[in-house]
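**Student:** Have a look at this one before I ask anything.
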Amino acid sequence: MDSGTVMNPTLEIIALIFKSKTYLDFICKQLKSEWNQVPSWDISIRLVANDATPEILATLPNCGVPFDIYNDPLPNDYYLNRVYRCWNHAGKTSKADHICFVNSDMAFSPNWLANLLKHHDGSNIPCSRLIESGKMPSGLHGVSQNFGRNPIEFNETAWLQYVPTMSKNELHAGGLYMPVVFEKNRFIQSGMYPEGNIYTTGIGKFGAPFLRSGDEYFFNAILNRNYSMRHVTVFDSLVYHIQEGERDAD
């Protein structure tokens, strides 16, 4: 290799899967989208099977998406604690210098990743703006607009027609927590996600009064370590959120 060659930064888009064949097909299609390719970046994708069912494990090799398998050391722990541990596994094992976490019930749009990466400059924790189905109330900067509340109902044509009407070249403080881009080393050095949401009795102690999500806890940990950073929502990085998730799926 020519010593003068400038290498592109590397980024891996990562999603988790554990039981739903329908969501497996859905997120594999989304991960393979041409919208995930960004000039001047080397983008890879990976699906992490999180204590997955035998059906998912048998189907994964045929999906055309690189994958690995995570077996939780506490398989009977509360499901959300196991989800956070799997995200930490996914981040630690990435071979890329930057990581982008997405949920399996999310659909992308043109330029969502390119616009997100414009603000991944070391001063921000950039997150996409979510357009959500309305199954649950949307959080800060989220918008409720129903394009389907499961993968079978998802109306991609209507979704893509809607995106240009909502896309704005704006950046706003705060917001939701995924899709998100982290520098891998900063993700690890900041302690990664806690092993569960935060309750009055501690981390992951499901059943006690709730204090804050593990996402919020971790974002605050990064911001406390890196005082010049801020959590932002990118208004021209639009992602549809079905708001069902595999746990509620058939």
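Within each chain, counting starts at residue 1; across the structure tokens, chains are named A, B, ... in the order shown, with ligands numbered 1 upward in that order.
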When DSSP works through the backbone of this structure, what residues of range 50-132 of chain A end up as strand (DSSP E), shown as a PyMOL selection string?
**Tutor:** chain A and resi 50+67-70+98-101+106-107+124-132
**Student:** List as a PyMOL selection string the protein and nucleic acid residues near Ser40 in chain A, meaning an atom at most 10 Å away when only C-alpha atoms are counted, but skip any in the same chain fewer than 2 places from it.
**Tutor:** chain A and resi 7-10+37-38+42-43
**Student:** Residues of the last selection are to be written out with N, CA, C and O atoms, as a PDB file, in the first residue's frame.
**Tutor:**
```pdb
ATOM      1  N   MET A   7      -6.662   6.484   4.435  1.00  0.00           N
ATOM      2  CA  MET A   7      -7.697   5.481   4.656  1.00  0.00           C
ATOM      3  C   MET A   7      -9.004   6.145   5.071  1.00  0.00           C
ATOM      4  O   MET A   7      -9.012   7.099   5.858  1.00  0.00           O
ATOM      5  N   ASN A   8     -10.110   5.650   4.538  1.00  0.00           N
ATOM      6  CA  ASN A   8     -11.415   6.131   4.974  1.00  0.00           C
ATOM      7  C   ASN A   8     -11.686   5.683   6.408  1.00  0.00           C
ATOM      8  O   ASN A   8     -11.263   4.592   6.816  1.00  0.00           O
ATOM      9  N   PRO A   9     -12.421   6.477   7.189  1.00  0.00           N
ATOM     10  CA  PRO A   9     -12.838   6.010   8.506  1.00  0.00           C
ATOM     11  C   PRO A   9     -13.792   4.824   8.347  1.00  0.00           C
ATOM     12  O   PRO A   9     -14.526   4.721   7.362  1.00  0.00           O
ATOM     13  N   THR A  10     -13.775   3.931   9.301  1.00  0.00           N
ATOM     14  CA  THR A  10     -14.612   2.738   9.252  1.00  0.00           C
ATOM     15  C   THR A  10     -15.755   2.859  10.252  1.00  0.00           C
ATOM     16  O   THR A  10     -15.584   3.360  11.366  1.00  0.00           O
ATOM     17  N   GLN A  37     -24.719   3.441   2.530  1.00  0.00           N
ATOM     18  CA  GLN A  37     -23.387   3.692   1.974  1.00  0.00           C
ATOM     19  C   GLN A  37     -23.140   5.194   1.912  1.00  0.00           C
ATOM     20  O   GLN A  37     -23.990   5.947   1.429  1.00  0.00           O
ATOM     21  N   VAL A  38     -21.973   5.607   2.413  1.00  0.00           N
ATOM     22  CA  VAL A  38     -21.654   7.026   2.507  1.00  0.00           C
ATOM     23  C   VAL A  38     -20.280   7.257   1.888  1.00  0.00           C
ATOM     24  O   VAL A  38     -19.305   6.613   2.298  1.00  0.00           O
ATOM     25  N   ASP A  42     -15.996   3.826   5.029  1.00  0.00           N
ATOM     26  CA  ASP A  42     -16.102   2.386   4.776  1.00  0.00           C
ATOM     27  C   ASP A  42     -17.124   1.823   5.757  1.00  0.00           C
ATOM     28  O   ASP A  42     -16.868   1.741   6.966  1.00  0.00           O
ATOM     29  N   ILE A  43     -18.307   1.469   5.229  1.00  0.00           N
ATOM     30  CA  ILE A  43     -19.427   1.050   6.057  1.00  0.00           C
ATOM     31  C   ILE A  43     -19.582  -0.471   5.994  1.00  0.00           C
ATOM     32  O   ILE A  43     -19.602  -1.064   4.907  1.00  0.00           O
TER      33      ILE A  43
END
```
**Student:** Sorted by chain and rising residue number, which residues of range 2-96 of chain A lie within 10 Å of range 152-175 of chain A, and what are their closest atom pairs and distances in Å to one decimal, counting only C-alpha atoms, as a Markdown table?
**Tutor:**
```
| residue | atom | partner | partner_atom | distance |
| --- | --- | --- | --- | --- |
| A:Thr22 | CA | A:Ile152 | CA | 8.0 |
| A:Tyr23 | CA | A:Ile152 | CA | 9.4 |
| A:Phe26 | CA | A:Ile152 | CA | 8.9 |
```
**Student:** Would you list the contacts of range 93-97 of chain A as a PDB file with all heavy atoms, in the first residue's frame, taking every protein, DNA or RNA residue within 9 Å and counting only C-alpha atoms, but skipping same-chain residues closer than 3 positions in sequence?
**Tutor:**
```pdb
ATOM      1  N   PRO A   9     -12.421   6.477   7.189  1.00  0.00           N
ATOM      2  CA  PRO A   9     -12.838   6.010   8.506  1.00  0.00           C
ATOM      3  C   PRO A   9     -13.792   4.824   8.347  1.00  0.00           C
ATOM      4  O   PRO A   9     -14.526   4.721   7.362  1.00  0.00           O
ATOM      5  CB  PRO A   9     -13.539   7.224   9.116  1.00  0.00           C
ATOM      6  CG  PRO A   9     -13.938   8.069   7.954  1.00  0.00           C
ATOM      7  CD  PRO A   9     -12.906   7.837   6.895  1.00  0.00           C
ATOM      8  N   THR A  10     -13.775   3.931   9.301  1.00  0.00           N
ATOM      9  CA  THR A  10     -14.612   2.738   9.252  1.00  0.00           C
ATOM     10  C   THR A  10     -15.755   2.859  10.252  1.00  0.00           C
ATOM     11  O   THR A  10     -15.584   3.360  11.366  1.00  0.00           O
ATOM     12  CB  THR A  10     -13.797   1.482   9.563  1.00  0.00           C
ATOM     13  OG1 THR A  10     -13.177   1.624  10.846  1.00  0.00           O
ATOM     14  CG2 THR A  10     -12.720   1.267   8.512  1.00  0.00           C
ATOM     15  N   LEU A  11     -16.923   2.395   9.844  1.00  0.00           N
ATOM     16  CA  LEU A  11     -18.107   2.411  10.703  1.00  0.00           C
ATOM     17  C   LEU A  11     -18.885   1.127  10.493  1.00  0.00           C
ATOM     18  O   LEU A  11     -19.045   0.666   9.352  1.00  0.00           O
ATOM     19  CB  LEU A  11     -18.987   3.618  10.402  1.00  0.00           C
ATOM     20  CG  LEU A  11     -20.286   3.703  11.227  1.00  0.00           C
ATOM     21  CD1 LEU A  11     -20.540   5.117  11.717  1.00  0.00           C
ATOM     22  CD2 LEU A  11     -21.486   3.219  10.394  1.00  0.00           C
ATOM     23  N   GLU A  12     -19.377   0.552  11.574  1.00  0.00           N
ATOM     24  CA  GLU A  12     -20.214  -0.638  11.494  1.00  0.00           C
ATOM     25  C   GLU A  12     -21.601  -0.318  12.023  1.00  0.00           C
ATOM     26  O   GLU A  12     -21.749   0.213  13.130  1.00  0.00           O
ATOM     27  CB  GLU A  12     -19.602  -1.781  12.299  1.00  0.00           C
ATOM     28  CG  GLU A  12     -20.389  -3.077  12.167  1.00  0.00           C
ATOM     29  CD  GLU A  12     -19.733  -4.245  12.882  1.00  0.00           C
ATOM     30  OE1 GLU A  12     -19.305  -4.070  14.048  1.00  0.00           O
ATOM     31  OE2 GLU A  12     -19.647  -5.334  12.277  1.00  0.00           O
ATOM     32  N   ILE A  14     -24.947  -1.830  13.489  1.00  0.00           N
ATOM     33  CA  ILE A  14     -25.213  -3.061  14.233  1.00  0.00           C
ATOM     34  C   ILE A  14     -26.656  -3.075  14.728  1.00  0.00           C
ATOM     35  O   ILE A  14     -27.157  -2.084  15.256  1.00  0.00           O
ATOM     36  CB  ILE A  14     -24.270  -3.186  15.439  1.00  0.00           C
ATOM     37  CG1 ILE A  14     -22.803  -3.066  15.001  1.00  0.00           C
ATOM     38  CG2 ILE A  14     -24.495  -4.511  16.171  1.00  0.00           C
ATOM     39  CD1 ILE A  14     -21.819  -2.982  16.151  1.00  0.00           C
ATOM     40  N   ASP A  42     -15.996   3.826   5.029  1.00  0.00           N
ATOM     41  CA  ASP A  42     -16.102   2.386   4.776  1.00  0.00           C
ATOM     42  C   ASP A  42     -17.124   1.823   5.757  1.00  0.00           C
ATOM     43  O   ASP A  42     -16.868   1.741   6.966  1.00  0.00           O
ATOM     44  CB  ASP A  42     -14.742   1.698   4.963  1.00  0.00           C
ATOM     45  CG  ASP A  42     -13.775   2.016   3.839  1.00  0.00           C
ATOM     46  OD1 ASP A  42     -14.236   2.425   2.754  1.00  0.00           O
ATOM     47  OD2 ASP A  42     -12.561   1.860   4.045  1.00  0.00           O
ATOM     48  N   ILE A  43     -18.307   1.469   5.229  1.00  0.00           N
ATOM     49  CA  ILE A  43     -19.427   1.050   6.057  1.00  0.00           C
ATOM     50  C   ILE A  43     -19.582  -0.471   5.994  1.00  0.00           C
ATOM     51  O   ILE A  43     -19.602  -1.064   4.907  1.00  0.00           O
ATOM     52  CB  ILE A  43     -20.741   1.705   5.580  1.00  0.00           C
ATOM     53  CG1 ILE A  43     -20.579   3.227   5.437  1.00  0.00           C
ATOM     54  CG2 ILE A  43     -21.873   1.347   6.527  1.00  0.00           C
ATOM     55  CD1 ILE A  43     -20.386   3.966   6.721  1.00  0.00           C
ATOM     56  N   SER A  44     -19.704  -1.093   7.146  1.00  0.00           N
ATOM     57  CA  SER A  44     -20.018  -2.514   7.234  1.00  0.00           C
ATOM     58  C   SER A  44     -21.282  -2.683   8.071  1.00  0.00           C
ATOM     59  O   SER A  44     -21.751  -1.740   8.712  1.00  0.00           O
ATOM     60  CB  SER A  44     -18.853  -3.298   7.842  1.00  0.00           C
ATOM     61  OG  SER A  44     -18.527  -2.799   9.130  1.00  0.00           O
ATOM     62  N   ARG A  46     -23.678  -5.578  10.649  1.00  0.00           N
ATOM     63  CA  ARG A  46     -23.647  -6.829  11.423  1.00  0.00           C
ATOM     64  C   ARG A  46     -24.957  -6.987  12.195  1.00  0.00           C
ATOM     65  O   ARG A  46     -25.495  -6.017  12.722  1.00  0.00           O
ATOM     66  CB  ARG A  46     -22.460  -6.838  12.381  1.00  0.00           C
ATOM     67  CG  ARG A  46     -22.357  -8.118  13.231  1.00  0.00           C
ATOM     68  CD  ARG A  46     -21.004  -8.279  13.918  1.00  0.00           C
ATOM     69  NE  ARG A  46     -20.546  -7.072  14.556  1.00  0.00           N
ATOM     70  CZ  ARG A  46     -20.198  -6.982  15.849  1.00  0.00           C
ATOM     71  NH1 ARG A  46     -20.270  -8.042  16.636  1.00  0.00           N
ATOM     72  NH2 ARG A  46     -19.760  -5.853  16.355  1.00  0.00           N
ATOM     73  N   ASN A  88     -23.325  -3.942  24.574  1.00  0.00           N
ATOM     74  CA  ASN A  88     -21.933  -3.774  24.980  1.00  0.00           C
ATOM     75  C   ASN A  88     -21.032  -4.788  24.278  1.00  0.00           C
ATOM     76  O   ASN A  88     -19.935  -4.447  23.819  1.00  0.00           O
ATOM     77  CB  ASN A  88     -21.808  -3.909  26.496  1.00  0.00           C
ATOM     78  CG  ASN A  88     -22.426  -2.738  27.240  1.00  0.00           C
ATOM     79  OD1 ASN A  88     -22.658  -1.684  26.662  1.00  0.00           O
ATOM     80  ND2 ASN A  88     -22.691  -2.923  28.517  1.00  0.00           N
ATOM     81  N   HIS A  89     -21.500  -6.022  24.177  1.00  0.00           N
ATOM     82  CA  HIS A  89     -20.749  -7.032  23.419  1.00  0.00           C
ATOM     83  C   HIS A  89     -20.549  -6.583  21.975  1.00  0.00           C
ATOM     84  O   HIS A  89     -19.445  -6.682  21.421  1.00  0.00           O
ATOM     85  CB  HIS A  89     -21.495  -8.366  23.458  1.00  0.00           C
ATOM     86  CG  HIS A  89     -21.119  -9.304  22.350  1.00  0.00           C
ATOM     87  ND1 HIS A  89     -19.991 -10.096  22.392  1.00  0.00           N
ATOM     88  CD2 HIS A  89     -21.718  -9.549  21.142  1.00  0.00           C
ATOM     89  CE1 HIS A  89     -19.909 -10.793  21.273  1.00  0.00           C
ATOM     90  NE2 HIS A  89     -20.942 -10.484  20.508  1.00  0.00           N
ATOM     91  N   ALA A  90     -21.624  -6.087  21.371  1.00  0.00           N
ATOM     92  CA  ALA A  90     -21.558  -5.666  19.969  1.00  0.00           C
ATOM     93  C   ALA A  90     -20.552  -4.539  19.780  1.00  0.00           C
ATOM     94  O   ALA A  90     -19.766  -4.542  18.826  1.00  0.00           O
ATOM     95  CB  ALA A  90     -22.944  -5.237  19.493  1.00  0.00           C
ATOM     96  N   PHE A 182     -21.317   6.330  17.780  1.00  0.00           N
ATOM     97  CA  PHE A 182     -20.270   6.531  18.770  1.00  0.00           C
ATOM     98  C   PHE A 182     -18.909   6.253  18.140  1.00  0.00           C
ATOM     99  O   PHE A 182     -18.802   5.395  17.247  1.00  0.00           O
ATOM    100  CB  PHE A 182     -20.404   5.559  19.960  1.00  0.00           C
ATOM    101  CG  PHE A 182     -21.657   5.662  20.759  1.00  0.00           C
ATOM    102  CD1 PHE A 182     -22.566   4.615  20.802  1.00  0.00           C
ATOM    103  CD2 PHE A 182     -21.926   6.795  21.512  1.00  0.00           C
ATOM    104  CE1 PHE A 182     -23.713   4.683  21.567  1.00  0.00           C
ATOM    105  CE2 PHE A 182     -23.077   6.888  22.279  1.00  0.00           C
ATOM    106  CZ  PHE A 182     -23.966   5.828  22.307  1.00  0.00           C
ATOM    107  N   GLU A 183     -17.892   6.927  18.615  1.00  0.00           N
ATOM    108  CA  GLU A 183     -16.539   6.453  18.392  1.00  0.00           C
ATOM    109  C   GLU A 183     -16.348   5.231  19.285  1.00  0.00           C
ATOM    110  O   GLU A 183     -16.623   5.285  20.487  1.00  0.00           O
ATOM    111  CB  GLU A 183     -15.530   7.548  18.745  1.00  0.00           C
ATOM    112  CG  GLU A 183     -14.103   7.150  18.493  1.00  0.00           C
ATOM    113  CD  GLU A 183     -13.122   8.200  18.949  1.00  0.00           C
ATOM    114  OE1 GLU A 183     -13.552   9.332  19.269  1.00  0.00           O
ATOM    115  OE2 GLU A 183     -11.921   7.875  19.031  1.00  0.00           O
ATOM    116  N   LYS A 184     -15.888   4.131  18.713  1.00  0.00           N
ATOM    117  CA  LYS A 184     -15.831   2.876  19.476  1.00  0.00           C
ATOM    118  C   LYS A 184     -15.023   3.030  20.760  1.00  0.00           C
ATOM    119  O   LYS A 184     -15.473   2.602  21.841  1.00  0.00           O
ATOM    120  CB  LYS A 184     -15.242   1.764  18.615  1.00  0.00           C
ATOM    121  CG  LYS A 184     -15.054   0.461  19.373  1.00  0.00           C
ATOM    122  CD  LYS A 184     -14.305  -0.579  18.576  1.00  0.00           C
ATOM    123  CE  LYS A 184     -13.941  -1.771  19.457  1.00  0.00           C
ATOM    124  NZ  LYS A 184     -13.201  -2.812  18.711  1.00  0.00           N
ATOM    125  N   ASN A 185     -13.834   3.605  20.696  1.00  0.00           N
ATOM    126  CA  ASN A 185     -12.998   3.705  21.892  1.00  0.00           C
ATOM    127  C   ASN A 185     -13.648   4.581  22.966  1.00  0.00           C
ATOM    128  O   ASN A 185     -13.545   4.289  24.162  1.00  0.00           O
ATOM    129  CB  ASN A 185     -11.614   4.241  21.539  1.00  0.00           C
ATOM    130  CG  ASN A 185     -10.764   3.205  20.834  1.00  0.00           C
ATOM    131  OD1 ASN A 185     -11.039   2.003  20.906  1.00  0.00           O
ATOM    132  ND2 ASN A 185      -9.737   3.654  20.124  1.00  0.00           N
TER     133      ASN A 185
END
```
**Student:** Do you know which residues are at most 10 Å from Pro73 in chain A counting only C-alpha atoms, after dropping those on the same chain fewer than 6 positions away, and could you put them as a ChimeraX atom specification?
**Tutor:** /A:51,82,85
**Student:** Pull the alpha helix (DSSP H) assignments for range 89-174 of chain A out of DSSP run on the backbone, and list those residues as a PyMOL selection string.
**Tutor:** chain A and resi 89-93+112-117+156-166
**Student:** Excluding range 120-129 of chain A and its own-chain neighbours fewer than 4 positions away, which residues fall within 9 Å of it when counting only C-alpha atoms? Please give them as a PyMOL selection string.
**Tutor:** chain A and resi 112-113+115-116+141-143+174-183+219+222-223+226+228-240
**Student:** Counting only C-alpha atoms, which of A:Leu80, A:Met192, A:Ile242, A:Leu24 gets nearest to Gly64 in chain A?
**Tutor:** A:Leu24
**Student:** Kindly indicate which residue among A:Arg186, A:Leu211, A:Leu57, A:His98 lies nearest to Leu117 in chain A, using only C-alpha atoms for the distances.
**Tutor:**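 Answer, going by the shortest atom-to-atom distance: A:His98.
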**Student:** Fewer than 6 positions away in the same chain doesn't count, so skip those; otherwise give me all residues within 7 Å of Leu47 in chain A, counting only C-alpha atoms, as a list in words.
**Tutor:**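 With the cut-off at 7 Å, the set is Ile14, Ala15, Leu16, Ile17, Val65, Pro66, Phe67 and Asp68 of chain A.
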**Student:** Would you save the residues from that selection as a PDB file, in the first residue's frame, using N, CA, C and O atoms?
**Tutor:**
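And here is the file that came out, result22.pdb:
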```pdb
ATOM      1  N   ILE A  14     -24.947  -1.830  13.489  1.00  0.00           N
ATOM      2  CA  ILE A  14     -25.213  -3.061  14.233  1.00  0.00           C
ATOM      3  C   ILE A  14     -26.656  -3.075  14.728  1.00  0.00           C
ATOM      4  O   ILE A  14     -27.157  -2.084  15.256  1.00  0.00           O
ATOM      5  N   ALA A  15     -27.328  -4.214  14.562  1.00  0.00           N
ATOM      6  CA  ALA A  15     -28.664  -4.439  15.111  1.00  0.00           C
ATOM      7  C   ALA A  15     -28.674  -5.770  15.849  1.00  0.00           C
ATOM      8  O   ALA A  15     -27.839  -6.645  15.590  1.00  0.00           O
ATOM      9  N   LEU A  16     -29.627  -5.930  16.750  1.00  0.00           N
ATOM     10  CA  LEU A  16     -29.790  -7.181  17.493  1.00  0.00           C
ATOM     11  C   LEU A  16     -31.036  -7.919  17.006  1.00  0.00           C
ATOM     12  O   LEU A  16     -31.989  -7.313  16.538  1.00  0.00           O
ATOM     13  N   ILE A  17     -31.016  -9.239  17.163  1.00  0.00           N
ATOM     14  CA  ILE A  17     -32.170 -10.066  16.812  1.00  0.00           C
ATOM     15  C   ILE A  17     -32.231 -11.230  17.795  1.00  0.00           C
ATOM     16  O   ILE A  17     -31.185 -11.686  18.274  1.00  0.00           O
ATOM     17  N   VAL A  65     -26.368 -11.244   5.559  1.00  0.00           N
ATOM     18  CA  VAL A  65     -25.846 -10.202   6.437  1.00  0.00           C
ATOM     19  C   VAL A  65     -24.827 -10.838   7.388  1.00  0.00           C
ATOM     20  O   VAL A  65     -25.119 -11.884   7.989  1.00  0.00           O
ATOM     21  N   PRO A  66     -23.648 -10.252   7.548  1.00  0.00           N
ATOM     22  CA  PRO A  66     -22.705 -10.789   8.543  1.00  0.00           C
ATOM     23  C   PRO A  66     -23.348 -10.801   9.924  1.00  0.00           C
ATOM     24  O   PRO A  66     -24.104  -9.905  10.281  1.00  0.00           O
ATOM     25  N   PHE A  67     -23.046 -11.848  10.695  1.00  0.00           N
ATOM     26  CA  PHE A  67     -23.674 -11.957  12.011  1.00  0.00           C
ATOM     27  C   PHE A  67     -22.708 -12.619  12.986  1.00  0.00           C
ATOM     28  O   PHE A  67     -21.735 -13.262  12.600  1.00  0.00           O
ATOM     29  N   ASP A  68     -22.991 -12.429  14.273  1.00  0.00           N
ATOM     30  CA  ASP A  68     -22.364 -13.241  15.298  1.00  0.00           C
ATOM     31  C   ASP A  68     -23.401 -13.597  16.344  1.00  0.00           C
ATOM     32  O   ASP A  68     -24.545 -13.131  16.298  1.00  0.00           O
TER      33      ASP A  68
END
```
**Student:** Between A:Phe108, A:Tyr84, A:Tyr70, A:Tyr79, which is the closest to Cys28 in chain A once you count only C-alpha atoms?
**Tutor:**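 Between A:Phe108, A:Tyr84, A:Tyr70, A:Tyr79, the residue approaching Cys28 in chain A most closely is A:Phe108.
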**Student:** Report, in Å with one decimal, the straight-line distance from CA of Val83 in chain A to CA of Asn71 in chain A.
**Tutor:**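 Taking CA of Val83 in chain A as the start and CA of Asn71 in chain A as the end point, the length is 11.1 Å.
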**Student:** At a cut-off of 12 Å, using only C-alpha atoms, what residues contact Ser20 in chain A? Leave out same-chain residues fewer than 2 positions from it and give the result as number ranges by chain.
**Tutor:** A: 16-18, 22-27, 49-50, 52-57, 59-60, 104-105, 150-151, 244-250
**Student:** What would the file look like if the residues just selected were written as an mmCIF file, in the first residue's frame with C-alpha atoms?
**Tutor:**
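The result, stored in selection.cif:
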```cif
data_model
loop_
_atom_site.group_PDB
_atom_site.id
_atom_site.type_symbol
_atom_site.label_atom_id
_atom_site.label_comp_id
_atom_site.auth_asym_id
_atom_site.auth_seq_id
_atom_site.Cartn_x
_atom_site.Cartn_y
_atom_site.Cartn_z
ATOM 1 C CA LEU A 16 -29.790 -7.181 17.493
ATOM 2 C CA ILE A 17 -32.170 -10.066 16.812
ATOM 3 C CA PHE A 18 -33.485 -12.879 18.986
ATOM 4 C CA THR A 22 -40.458 -11.462 10.404
ATOM 5 C CA TYR A 23 -38.193 -8.905 12.046
ATOM 6 C CA LEU A 24 -35.120 -10.801 10.914
ATOM 7 C CA ASP A 25 -36.225 -10.446 7.292
ATOM 8 C CA PHE A 26 -37.195 -6.811 7.856
ATOM 9 C CA ILE A 27 -33.948 -5.629 9.452
ATOM 10 C CA ALA A 49 -28.123 -12.855 17.667
ATOM 11 C CA ASN A 50 -28.898 -12.230 21.344
ATOM 12 C CA ALA A 52 -31.604 -16.276 19.780
ATOM 13 C CA THR A 53 -34.143 -19.022 19.197
ATOM 14 C CA PRO A 54 -33.166 -22.134 17.193
ATOM 15 C CA GLU A 55 -35.274 -20.890 14.251
ATOM 16 C CA ILE A 56 -33.345 -17.604 14.105
ATOM 17 C CA LEU A 57 -29.995 -19.360 14.428
ATOM 18 C CA THR A 59 -32.069 -18.826 9.345
ATOM 19 C CA LEU A 60 -29.242 -16.323 9.943
ATOM 20 C CA SER A 104 -34.609 -4.177 14.491
ATOM 21 C CA ASP A 105 -37.946 -2.322 14.241
ATOM 22 C CA ASN A 150 -45.452 -4.184 12.412
ATOM 23 C CA PRO A 151 -43.196 -5.166 9.485
ATOM 24 C CA GLU A 244 -43.284 -2.885 18.408
ATOM 25 C CA GLY A 245 -40.001 -4.677 18.952
ATOM 26 C CA GLU A 246 -39.452 -8.402 18.940
ATOM 27 C CA ARG A 247 -40.577 -8.936 22.518
ATOM 28 C CA ASP A 248 -44.127 -7.925 21.549
ATOM 29 C CA ALA A 249 -44.074 -9.524 18.116
ATOM 30 C CA ASP A 250 -45.649 -12.855 17.248
#
```
